[in-house]
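J.: Please find input.pdb (PDB, C-alpha atoms) on the next line:
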```
ATOM      1  CA  MET Z   1       2.564  24.476   5.002
ATOM      2  CA  ASN Z   2       5.837  22.534   4.708
ATOM      3  CA  ALA Z   3       4.983  19.469   6.828
ATOM      4  CA  PRO Z   4       5.465  16.148   5.005
ATOM      5  CA  TYR Z   5       2.329  14.208   4.218
ATOM      6  CA  ILE Z   6       1.007  10.915   2.871
ATOM      7  CA  VAL Z   7      -1.302  10.650  -0.142
ATOM      8  CA  VAL Z   8      -3.378   7.498  -0.658
ATOM      9  CA  LEU Z   9      -2.893   6.628  -4.339
ATOM     10  CA  GLY Z  10      -4.907   3.405  -4.351
ATOM     11  CA  VAL Z  11      -7.049   1.270  -2.060
ATOM     12  CA  ALA Z  12      -7.841  -1.870  -4.077
ATOM     13  CA  GLN Z  13      -6.234  -5.309  -4.138
ATOM     14  CA  ASP Z  14      -3.535  -5.991  -6.753
ATOM     15  CA  ALA Z  15      -5.919  -6.249  -9.728
ATOM     16  CA  GLY Z  16      -7.647  -2.956  -8.959
ATOM     17  CA  TYR Z  17     -11.392  -2.287  -9.060
ATOM     18  CA  PRO Z  18     -13.191  -3.344 -11.174
ATOM     19  CA  SER Z  19     -11.213  -6.541 -11.578
ATOM     20  CA  ILE Z  20     -10.208  -7.954 -14.948
ATOM     21  CA  GLY Z  21     -12.752 -10.460 -16.268
ATOM     22  CA  CYS Z  22     -15.278  -9.855 -13.515
ATOM     23  CA  ARG Z  23     -18.868  -9.773 -14.796
ATOM     24  CA  GLY Z  24     -20.443 -10.006 -11.358
ATOM     25  CA  ALA Z  25     -22.606  -7.524  -9.507
ATOM     26  CA  CYS Z  26     -19.642  -6.533  -7.326
ATOM     27  CA  CYS Z  27     -17.816  -4.874 -10.230
ATOM     28  CA  ALA Z  28     -20.779  -3.716 -12.330
ATOM     29  CA  PRO Z  29     -20.983  -0.217 -10.735
ATOM     30  CA  ALA Z  30     -17.333   0.489 -11.525
ATOM     31  CA  TRP Z  31     -17.546  -0.808 -15.102
ATOM     32  CA  ASP Z  32     -20.523   1.500 -15.650
ATOM     33  CA  ASP Z  33     -19.133   4.551 -13.828
ATOM     34  CA  PRO Z  34     -15.398   5.367 -14.121
ATOM     35  CA  ALA Z  35     -15.663   7.594 -11.026
ATOM     36  CA  LYS Z  36     -16.136   4.453  -8.926
ATOM     37  CA  ARG Z  37     -12.966   2.755 -10.147
ATOM     38  CA  ARG Z  38     -10.086   2.370  -7.712
ATOM     39  CA  PHE Z  39      -6.370   1.809  -8.262
ATOM     40  CA  ALA Z  40      -4.298  -0.908  -6.627
ATOM     41  CA  THR Z  41      -3.045  -0.015  -3.160
ATOM     42  CA  SER Z  42      -0.191   2.457  -3.001
ATOM     43  CA  LEU Z  43       0.892   5.418  -0.893
ATOM     44  CA  GLY Z  44       2.764   8.562  -1.851
ATOM     45  CA  ILE Z  45       4.961  10.581   0.506
ATOM     46  CA  VAL Z  46       5.585  14.288  -0.126
ATOM     47  CA  ASP Z  47       8.111  16.534   1.613
ATOM     48  CA  PRO Z  48       7.319  20.106   0.488
ATOM     49  CA  GLY Z  49      10.305  21.452   2.412
ATOM     50  CA  THR Z  50      12.813  19.547   0.258
ATOM     51  CA  GLN Z  51      10.532  19.362  -2.810
ATOM     52  CA  LYS Z  52      10.891  15.583  -2.922
ATOM     53  CA  ARG Z  53       8.415  12.745  -3.042
ATOM     54  CA  TRP Z  54       8.393   8.954  -2.916
ATOM     55  CA  ILE Z  55       5.992   6.105  -3.709
ATOM     56  CA  ILE Z  56       5.325   2.971  -1.684
ATOM     57  CA  ASP Z  57       4.553   0.052  -4.012
ATOM     58  CA  CYS Z  58       4.685   0.463  -7.774
ATOM     59  CA  THR Z  59       1.439  -1.048  -9.016
ATOM     60  CA  PRO Z  60       0.097  -1.912 -12.485
ATOM     61  CA  ASP Z  61      -1.783   1.408 -12.194
ATOM     62  CA  PHE Z  62       1.466   3.364 -11.801
ATOM     63  CA  LYS Z  63       0.895   5.630 -14.816
ATOM     64  CA  ASP Z  64      -2.470   6.854 -13.560
ATOM     65  CA  GLN Z  65      -1.298   6.988  -9.955
ATOM     66  CA  LEU Z  66       1.605   9.225 -10.877
ATOM     67  CA  ARG Z  67      -0.902  11.582 -12.471
ATOM     68  CA  LEU Z  68      -3.036  11.483  -9.310
ATOM     69  CA  PHE Z  69       0.095  12.099  -7.262
ATOM     70  CA  ASP Z  70       0.825  15.203  -9.363
ATOM     71  CA  ALA Z  71      -2.572  16.599  -8.382
ATOM     72  CA  HIS Z  72      -1.615  16.279  -4.705
ATOM     73  CA  THR Z  73       1.909  17.664  -5.022
ATOM     74  CA  PRO Z  74       2.954  21.333  -4.837
ATOM     75  CA  GLU Z  75       4.156  23.009  -8.010
ATOM     76  CA  GLY Z  76       7.913  22.844  -8.371
ATOM     77  CA  VAL Z  77       8.241  19.218  -7.254
ATOM     78  CA  ARG Z  78       9.346  17.103 -10.205
ATOM     79  CA  SER Z  79       6.895  14.532 -11.534
ATOM     80  CA  CYS Z  80       9.298  11.600 -11.360
ATOM     81  CA  PRO Z  81       9.501  10.233  -7.777
ATOM     82  CA  HIS Z  82      12.763  10.431  -5.856
ATOM     83  CA  GLY Z  83      12.478   6.789  -4.880
ATOM     84  CA  ILE Z  84      10.180   3.774  -4.652
ATOM     85  CA  PHE Z  85       9.672   1.360  -1.750
ATOM     86  CA  ILE Z  86       8.460  -2.199  -2.445
ATOM     87  CA  THR Z  87       6.623  -4.329   0.111
ATOM     88  CA  HIS Z  88       6.906  -7.671  -1.727
ATOM     89  CA  ALA Z  89       6.874  -9.559  -5.022
ATOM     90  CA  HIS Z  90       3.162 -10.004  -5.635
ATOM     91  CA  VAL Z  91       2.159  -8.524  -8.948
ATOM     92  CA  GLY Z  92       0.141  -5.577  -7.667
ATOM     93  CA  HIS Z  93       3.058  -4.235  -5.669
ATOM     94  CA  TYR Z  94       5.937  -4.079  -8.143
ATOM     95  CA  ALA Z  95       4.704  -4.642 -11.733
ATOM     96  CA  GLY Z  96       4.574  -0.899 -12.404
ATOM     97  CA  LEU Z  97       8.366  -0.768 -12.282
ATOM     98  CA  ILE Z  98       8.329  -1.736 -15.960
ATOM     99  CA  GLN Z  99       7.158   1.831 -16.689
ATOM    100  CA  LEU Z 100      10.593   3.063 -15.611
ATOM    101  CA  GLY Z 101      12.249   1.370 -18.609
ATOM    102  CA  ARG Z 102      13.503   2.905 -21.832
ATOM    103  CA  GLU Z 103      10.166   2.250 -23.554
ATOM    104  CA  ALA Z 104       8.463   4.595 -21.071
ATOM    105  CA  LEU Z 105       9.933   7.000 -18.465
ATOM    106  CA  ASP Z 106      13.532   5.885 -19.060
ATOM    107  CA  THR Z 107      14.560   6.939 -15.567
ATOM    108  CA  GLN Z 108      18.192   7.074 -14.534
ATOM    109  CA  LYS Z 109      19.204   5.240 -11.348
ATOM    110  CA  MET Z 110      15.812   5.561  -9.725
ATOM    111  CA  PRO Z 111      16.307   4.265  -6.140
ATOM    112  CA  VAL Z 112      14.116   1.202  -5.584
ATOM    113  CA  TRP Z 113      14.187   0.130  -1.952
ATOM    114  CA  ALA Z 114      13.623  -3.599  -1.385
ATOM    115  CA  MET Z 115      14.391  -6.339   1.107
ATOM    116  CA  PRO Z 116      17.273  -8.747   0.250
ATOM    117  CA  ARG Z 117      15.219 -11.483  -1.459
ATOM    118  CA  MET Z 118      13.158  -8.910  -3.323
ATOM    119  CA  ALA Z 119      16.336  -7.108  -4.391
ATOM    120  CA  LEU Z 120      17.838 -10.364  -5.676
ATOM    121  CA  PHE Z 121      14.620 -11.155  -7.534
ATOM    122  CA  LEU Z 122      14.809  -7.838  -9.384
ATOM    123  CA  LYS Z 123      18.493  -8.260 -10.205
ATOM    124  CA  GLU Z 124      18.286 -11.839 -11.487
ATOM    125  CA  ASN Z 125      14.969 -12.036 -13.356
ATOM    126  CA  GLY Z 126      13.832 -10.433 -16.575
ATOM    127  CA  PRO Z 127      12.452  -8.024 -17.475
ATOM    128  CA  TRP Z 128      13.379  -6.404 -14.167
ATOM    129  CA  ASN Z 129      17.109  -7.100 -14.469
ATOM    130  CA  GLN Z 130      17.153  -5.080 -17.697
ATOM    131  CA  LEU Z 131      16.065  -2.066 -15.654
ATOM    132  CA  VAL Z 132      19.092  -2.701 -13.453
ATOM    133  CA  GLU Z 133      21.505  -3.283 -16.347
ATOM    134  CA  LEU Z 134      20.400  -0.131 -18.179
ATOM    135  CA  ASN Z 135      20.609   1.911 -14.960
ATOM    136  CA  ASN Z 136      16.919   2.744 -15.054
ATOM    137  CA  ILE Z 137      16.729   1.677 -11.432
ATOM    138  CA  LEU Z 138      19.223   1.423  -8.596
ATOM    139  CA  VAL Z 139      18.213  -1.404  -6.253
ATOM    140  CA  CYS Z 140      18.837  -0.442  -2.626
ATOM    141  CA  GLU Z 141      18.598  -3.102   0.069
ATOM    142  CA  MET Z 142      16.638  -2.447   3.232
ATOM    143  CA  VAL Z 143      17.231  -4.034   6.627
ATOM    144  CA  THR Z 144      14.341  -5.037   8.885
ATOM    145  CA  ASP Z 145      13.578  -2.400  11.531
ATOM    146  CA  ARG Z 146      16.303  -0.071  10.230
ATOM    147  CA  PRO Z 147      14.982   3.339   9.049
ATOM    148  CA  VAL Z 148      15.683   4.674   5.579
ATOM    149  CA  GLU Z 149      16.187   8.386   6.160
ATOM    150  CA  LEU Z 150      14.425  10.607   3.624
ATOM    151  CA  GLY Z 151      15.022  13.989   5.209
ATOM    152  CA  ASP Z 152      14.982  15.916   8.450
ATOM    153  CA  GLY Z 153      12.623  13.943  10.702
ATOM    154  CA  LEU Z 154      11.228  11.868   7.806
ATOM    155  CA  SER Z 155      11.965   8.153   7.454
ATOM    156  CA  VAL Z 156      10.546   4.828   6.269
ATOM    157  CA  THR Z 157      11.226   1.656   8.287
ATOM    158  CA  PRO Z 158      10.487  -1.869   6.992
ATOM    159  CA  ILE Z 159       8.664  -4.254   9.337
ATOM    160  CA  LEU Z 160       8.808  -7.954   8.441
ATOM    161  CA  VAL Z 161       5.337  -9.549   8.268
ATOM    162  CA  PRO Z 162       4.191 -13.136   7.623
ATOM    163  CA  HIS Z 163       2.835 -13.508   4.083
ATOM    164  CA  ARG Z 164       3.189 -15.882   1.158
ATOM    165  CA  GLY Z 165       6.842 -15.658   0.135
ATOM    166  CA  GLU Z 166       7.114 -17.323  -3.257
ATOM    167  CA  TYR Z 167       9.711 -14.847  -4.534
ATOM    168  CA  SER Z 168      10.439 -12.451  -1.703
ATOM    169  CA  GLU Z 169       9.917 -11.625   1.919
ATOM    170  CA  THR Z 170       7.033  -9.255   2.767
ATOM    171  CA  VAL Z 171       7.236  -6.074   4.773
ATOM    172  CA  GLY Z 172       4.970  -3.354   6.001
ATOM    173  CA  PHE Z 173       6.300   0.128   6.689
ATOM    174  CA  ARG Z 174       6.368   2.591   9.548
ATOM    175  CA  ILE Z 175       6.442   6.085   8.083
ATOM    176  CA  GLU Z 176       7.809   8.602  10.555
ATOM    177  CA  GLY Z 177       7.365  12.337  10.148
ATOM    178  CA  PRO Z 178       8.417  15.318  12.266
ATOM    179  CA  ALA Z 179       5.090  15.339  14.139
ATOM    180  CA  LYS Z 180       3.172  12.144  13.339
ATOM    181  CA  SER Z 181       3.716   8.604  12.117
ATOM    182  CA  ALA Z 182       1.807   6.013  10.096
ATOM    183  CA  LEU Z 183       1.783   2.235   9.746
ATOM    184  CA  PHE Z 184       1.223   0.546   6.370
ATOM    185  CA  ILE Z 185       0.560  -3.213   6.236
ATOM    186  CA  PRO Z 186      -1.433  -3.965   3.052
ATOM    187  CA  ASP Z 187      -0.725  -7.725   2.989
ATOM    188  CA  ILE Z 188      -0.394 -10.228   5.825
ATOM    189  CA  ASP Z 189      -1.470 -13.825   6.381
ATOM    190  CA  SER Z 190      -2.663 -13.358   9.952
ATOM    191  CA  TRP Z 191      -2.305 -10.847  12.767
ATOM    192  CA  ASP Z 192      -1.371 -13.786  15.003
ATOM    193  CA  GLY Z 193       2.030 -14.166  13.367
ATOM    194  CA  LEU Z 194       3.104 -10.556  13.754
ATOM    195  CA  THR Z 195       5.823  -9.444  16.180
ATOM    196  CA  PRO Z 196       5.438  -6.910  17.781
ATOM    197  CA  SER Z 197       1.684  -7.483  17.939
ATOM    198  CA  ILE Z 198      -0.644  -5.436  15.799
ATOM    199  CA  GLU Z 199      -1.978  -3.802  18.970
ATOM    200  CA  GLU Z 200       1.540  -2.684  19.917
ATOM    201  CA  LEU Z 201       2.223  -1.383  16.416
ATOM    202  CA  ILE Z 202      -1.022   0.608  16.365
ATOM    203  CA  ALA Z 203      -0.176   2.090  19.768
ATOM    204  CA  GLY Z 204       3.112   3.409  18.376
ATOM    205  CA  VAL Z 205       1.643   5.404  15.469
ATOM    206  CA  ASP Z 206      -1.021   8.004  14.719
ATOM    207  CA  VAL Z 207      -2.552   6.252  11.697
ATOM    208  CA  ALA Z 208      -2.574   2.553  10.734
ATOM    209  CA  TYR Z 209      -3.382   1.417   7.182
ATOM    210  CA  LEU Z 210      -4.213  -2.287   7.579
ATOM    211  CA  ASP Z 211      -4.921  -5.246   5.290
ATOM    212  CA  ALA Z 212      -8.645  -5.495   4.555
ATOM    213  CA  THR Z 213      -8.496  -7.641   1.422
ATOM    214  CA  PHE Z 214     -11.601  -9.628   2.288
ATOM    215  CA  PHE Z 215     -14.500  -8.606   4.480
ATOM    216  CA  SER Z 216     -15.360 -12.196   5.397
ATOM    217  CA  ALA Z 217     -13.893 -15.662   4.849
ATOM    218  CA  ASP Z 218     -16.789 -16.827   2.627
ATOM    219  CA  GLU Z 219     -16.507 -13.900   0.235
ATOM    220  CA  LEU Z 220     -15.117 -15.895  -2.704
ATOM    221  CA  GLY Z 221     -17.900 -18.440  -2.803
ATOM    222  CA  GLY Z 222     -16.158 -21.595  -1.642
ATOM    223  CA  ARG Z 223     -12.632 -20.897  -2.878
ATOM    224  CA  ASP Z 224      -9.945 -22.356  -0.596
ATOM    225  CA  MET Z 225      -8.926 -19.308   1.438
ATOM    226  CA  THR Z 226      -5.884 -21.101   2.848
ATOM    227  CA  GLN Z 227      -4.280 -20.556  -0.556
ATOM    228  CA  ILE Z 228      -4.727 -16.779  -0.307
ATOM    229  CA  PRO Z 229      -4.687 -16.055   3.432
ATOM    230  CA  HIS Z 230      -5.571 -12.593   4.705
ATOM    231  CA  PRO Z 231      -7.251 -11.612   7.994
ATOM    232  CA  PRO Z 232     -10.918 -10.912   7.138
ATOM    233  CA  VAL Z 233     -12.169  -7.525   8.261
ATOM    234  CA  ILE Z 234     -14.706  -9.073  10.617
ATOM    235  CA  GLU Z 235     -11.871 -10.922  12.383
ATOM    236  CA  THR Z 236      -9.715  -7.785  12.541
ATOM    237  CA  MET Z 237     -12.569  -5.842  14.111
ATOM    238  CA  ARG Z 238     -13.249  -8.656  16.544
ATOM    239  CA  ARG Z 239      -9.608  -8.753  17.595
ATOM    240  CA  LEU Z 240      -9.343  -4.989  18.069
ATOM    241  CA  LYS Z 241     -12.814  -4.294  19.472
ATOM    242  CA  ASN Z 242     -11.573  -3.854  23.049
ATOM    243  CA  LEU Z 243      -9.011  -1.215  22.170
ATOM    244  CA  PRO Z 244      -9.813   2.304  23.412
ATOM    245  CA  ASP Z 245     -11.834   4.449  21.024
ATOM    246  CA  CYS Z 246      -8.792   6.554  20.179
ATOM    247  CA  GLU Z 247      -6.804   3.445  19.165
ATOM    248  CA  ARG Z 248      -9.557   1.985  16.975
ATOM    249  CA  ALA Z 249      -9.946   5.368  15.279
ATOM    250  CA  LYS Z 250      -6.342   5.137  14.068
ATOM    251  CA  VAL Z 251      -7.183   2.150  11.852
ATOM    252  CA  ARG Z 252      -7.843   2.881   8.185
ATOM    253  CA  LEU Z 253      -8.700  -0.299   6.285
ATOM    254  CA  ILE Z 254      -7.124  -0.690   2.827
ATOM    255  CA  HIS Z 255      -6.297  -3.193   0.008
ATOM    256  CA  PHE Z 256      -9.854  -4.259  -0.895
ATOM    257  CA  ASN Z 257     -10.494  -7.207  -3.179
ATOM    258  CA  HIS Z 258     -13.073  -6.433  -5.878
ATOM    259  CA  THR Z 259     -15.561  -8.621  -3.972
ATOM    260  CA  ASN Z 260     -15.194  -6.580  -0.774
ATOM    261  CA  PRO Z 261     -18.372  -4.587   0.009
ATOM    262  CA  LEU Z 262     -16.248  -1.867   1.632
ATOM    263  CA  LEU Z 263     -15.646  -0.592  -1.902
ATOM    264  CA  LYS Z 264     -19.268   0.564  -1.973
ATOM    265  CA  ALA Z 265     -19.718   3.682   0.151
ATOM    266  CA  ASP Z 266     -23.390   2.994   0.911
ATOM    267  CA  SER Z 267     -23.013  -0.675   1.911
ATOM    268  CA  ALA Z 268     -24.146  -2.041   5.275
ATOM    269  CA  GLU Z 269     -20.591  -3.261   5.839
ATOM    270  CA  VAL Z 270     -19.191   0.277   5.566
ATOM    271  CA  PHE Z 271     -21.744   1.390   8.145
ATOM    272  CA  ALA Z 272     -20.777  -1.510  10.447
ATOM    273  CA  VAL Z 273     -17.075  -0.645  10.239
ATOM    274  CA  ARG Z 274     -17.689   2.993  11.097
ATOM    275  CA  GLU Z 275     -20.122   2.092  13.881
ATOM    276  CA  ALA Z 276     -17.394  -0.099  15.408
ATOM    277  CA  GLY Z 277     -15.069   2.909  15.541
ATOM    278  CA  PHE Z 278     -12.779   2.049  12.621
ATOM    279  CA  ASN Z 279     -12.112   3.990   9.409
ATOM    280  CA  ILE Z 280     -11.776   3.184   5.727
ATOM    281  CA  ALA Z 281      -8.978   4.522   3.534
ATOM    282  CA  GLU Z 282     -10.174   6.903   0.861
ATOM    283  CA  HIS Z 283      -8.830   7.400  -2.652
ATOM    284  CA  GLY Z 284      -6.704  10.582  -2.646
ATOM    285  CA  GLU Z 285      -6.843  11.291   1.085
ATOM    286  CA  GLU Z 286      -3.932  13.157   2.672
ATOM    287  CA  ILE Z 287      -2.467  12.520   6.140
ATOM    288  CA  ARG Z 288      -0.023  15.060   7.590
ATOM    289  CA  LEU Z 289       3.151  13.779   9.214
TER     290      LEU Z 289
END
```
Using structure tokens, write down the structure that the file contains.
T.:
Amino acid sequence: MNAPYIVVLGVAQDAGYPSIGCRGACCAPAWDDPAKRRFATSLGIVDPGTQKRWIIDCTPDFKDQLRLFDAHTPEGVRSCPHGIFITHAHVGHYAGLIQLGREALDTQKMPVWAMPRMALFLKENGPWNQLVELNNILVCEMVTDRPVELGDGLSVTPILVPHRGEYSETVGFRIEGPAKSALFIPDIDSWDGLTPSIEELIAGVDVAYLDATFFSADELGGRDMTQIPHPPVIETMRRLKNLPDCERAKVRLIHFNHTNPLLKADSAEVFAVREAGFNIAEHGEEIRL
């Protein structure tokens, strides 16, 4: 079957699961059992027809994710991706680029697609600018709402979203295939600040991977959530509860903080999400486009 498809290469927040330094009950199962560990959020795109593939967000887990990607890619497709798309300059979304340097993969002019501020950040700050100077990466600027064509009927379009912009703007992506499309918004401050609305964006795709960093606003035990804003899952479900069943079923929650009970398959919160008609992104799942 030559239809392009998406592979979920990670579902956790930037630090992965278990999280560094965490000695709490939330991470104990994953410290004890490697099978329960989860990489930072990333998607892979494969086009068997052209034998090419791409990665969205290059996380600190890039080395292991590339290996996972190999397991979901037909033989004959080269291991090194044909390009990388970056959502924004928070550490879990671009730090893996360092693996493209001469100390590691030593790639040659690997296309790295980024928005203008993100592109400038990579070009002007070390160690990333060394990747540019040594031609390990070729920074390609994206334009909001303008598709980057990957092949016949396959494209990736950046969608500007409101999120903390210390070093760069933040985008989600619409991934368009010959038959189906997907939305990917792993980080956003609030659904209220999104234009078009999240309901309109969901209506325009077949699958929607949405920010589910925290299940509830009190998850971090009193920490000031205004400093790390994300729409809690319970608020997302409340906002979307009146959508038709078929629309709610498109939603696949992703980007879980290590404290998020959705990381535990047998939790009451997982049951509640599924009972409400929503879905949860799974490590290694494939979605045909």
J.: Using the chain letters and numbers from the file, give me the residues hit by the PyMOL selection byres ((chain Z and resi 85) around 8), as a list in words.
T.: Trp54, Ile55, Ile56, Asp57, Cys58, Gly83, Ile84, Ile86, Thr87, Val112, Trp113 and Ala114 of chain Z
J.: Using CA of Leu263 in chain Z and CA of Phe62 in chain Z as the two end points, give the distance in Å to one decimal.
T.: 20.2 Å
J.: Mind pulling up the distance from CA of Thr59 in chain Z to CA of Leu97 in chain Z?
T.: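 So the two atoms, CA of Leu97 in chain Z and CA of Thr59 in chain Z, lie 7.7 Å apart.
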J.: Give me the result of the PyMOL selection byres ((chain Z and resi 210-220) around 7) on this file, residue by residue, as a count of residues only.
T.: 24
J.: So that I can check the surroundings of Pro229 in chain Z, please list as a VMD selection string every protein, DNA and RNA residue that reaches within 8 Å of it, counting all atoms listed in the file and ignoring chain neighbours fewer than 4 positions away.
T.: chain Z and resid 163 188 to 190 225
J.: For a test of reading the model, state the distance in Å between CA of Thr144 in chain Z and CA of Met118 in chain Z, rounded to one decimal.
T.: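 These two atoms are separated by 12.9 Å.
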J.: So, with only C-alpha atoms as the atoms that count, which of Z:Ala30, Z:Ile280, Z:Val8, Z:Cys140 lies closest to Leu66 in chain Z?
T.: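 Residue with the minimum atom-to-atom distance to Leu66 in chain Z: Z:Val8.
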J.: To box range 227-240 of chain Z, take all atoms listed in the file, fit an axis-aligned box, add 4 Å on each side, and give centre and edge lengths in Å to one decimal, as lines of an AutoDock Vina configuration file.
T.:
```
center_x = -9.5
center_y = -12.8
center_z = 8.8
size_x = 18.4
size_y = 23.6
size_z = 26.6
```
J.: Any idea what's packed within 10 Å of range 270-275 of chain Z, counting all atoms listed in the file, ignoring anything in its chain fewer than 2 positions away? Could you give it as a ChimeraX atom specification?
T.: /Z:233-234,237,249,253,261-268,277-280
J.: Of the residues Z:Leu194, Z:Val139, Z:Val148, Z:Ala40, which is the one nearest to Pro162 in chain Z, using all atoms listed in the file?
T.: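 Of the candidates, the smallest distance to Pro162 in chain Z is held by Z:Leu194.
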J.: For Ala89 in chain Z, which residue out of Z:Val171, Z:Cys27, Z:Leu43, Z:Leu68 is the nearest one, using only C-alpha atoms?
T.: Z:Val171
J.: When the PyMOL selection byres ((chain Z and resi 207) around 6) is applied to the structure above, which residues does it catch, written out as an MDAnalysis selection string?
T.: chainID Z and resid 182 205:206 208 250
J.: Given the point (-1.6, 11.8, -3.7) in the file's coordinates, find the residues that have an atom at most 9 Å from it, counting only C-alpha atoms, and give them as JSON, numbers by chain.
T.: {"Z": [6, 7, 8, 9, 43, 44, 45, 46, 65, 66, 67, 68, 69, 70, 71, 72, 73, 283, 284, 285, 286]}
J.: What does the file look like for those residues with C-alpha atoms, as a PDB file, in the coordinates of the input?
T.:
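Generated file (part-v2.pdb):
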```pdb
ATOM      1  CA  ILE Z   6       1.007  10.915   2.871  1.00  0.00           C
ATOM      2  CA  VAL Z   7      -1.302  10.650  -0.142  1.00  0.00           C
ATOM      3  CA  VAL Z   8      -3.378   7.498  -0.658  1.00  0.00           C
ATOM      4  CA  LEU Z   9      -2.893   6.628  -4.339  1.00  0.00           C
ATOM      5  CA  LEU Z  43       0.892   5.418  -0.893  1.00  0.00           C
ATOM      6  CA  GLY Z  44       2.764   8.562  -1.851  1.00  0.00           C
ATOM      7  CA  ILE Z  45       4.961  10.581   0.506  1.00  0.00           C
ATOM      8  CA  VAL Z  46       5.585  14.288  -0.126  1.00  0.00           C
ATOM      9  CA  GLN Z  65      -1.298   6.988  -9.955  1.00  0.00           C
ATOM     10  CA  LEU Z  66       1.605   9.225 -10.877  1.00  0.00           C
ATOM     11  CA  ARG Z  67      -0.902  11.582 -12.471  1.00  0.00           C
ATOM     12  CA  LEU Z  68      -3.036  11.483  -9.310  1.00  0.00           C
ATOM     13  CA  PHE Z  69       0.095  12.099  -7.262  1.00  0.00           C
ATOM     14  CA  ASP Z  70       0.825  15.203  -9.363  1.00  0.00           C
ATOM     15  CA  ALA Z  71      -2.572  16.599  -8.382  1.00  0.00           C
ATOM     16  CA  HIS Z  72      -1.615  16.279  -4.705  1.00  0.00           C
ATOM     17  CA  THR Z  73       1.909  17.664  -5.022  1.00  0.00           C
ATOM     18  CA  HIS Z 283      -8.830   7.400  -2.652  1.00  0.00           C
ATOM     19  CA  GLY Z 284      -6.704  10.582  -2.646  1.00  0.00           C
ATOM     20  CA  GLU Z 285      -6.843  11.291   1.085  1.00  0.00           C
ATOM     21  CA  GLU Z 286      -3.932  13.157   2.672  1.00  0.00           C
TER      22      GLU Z 286
END
```
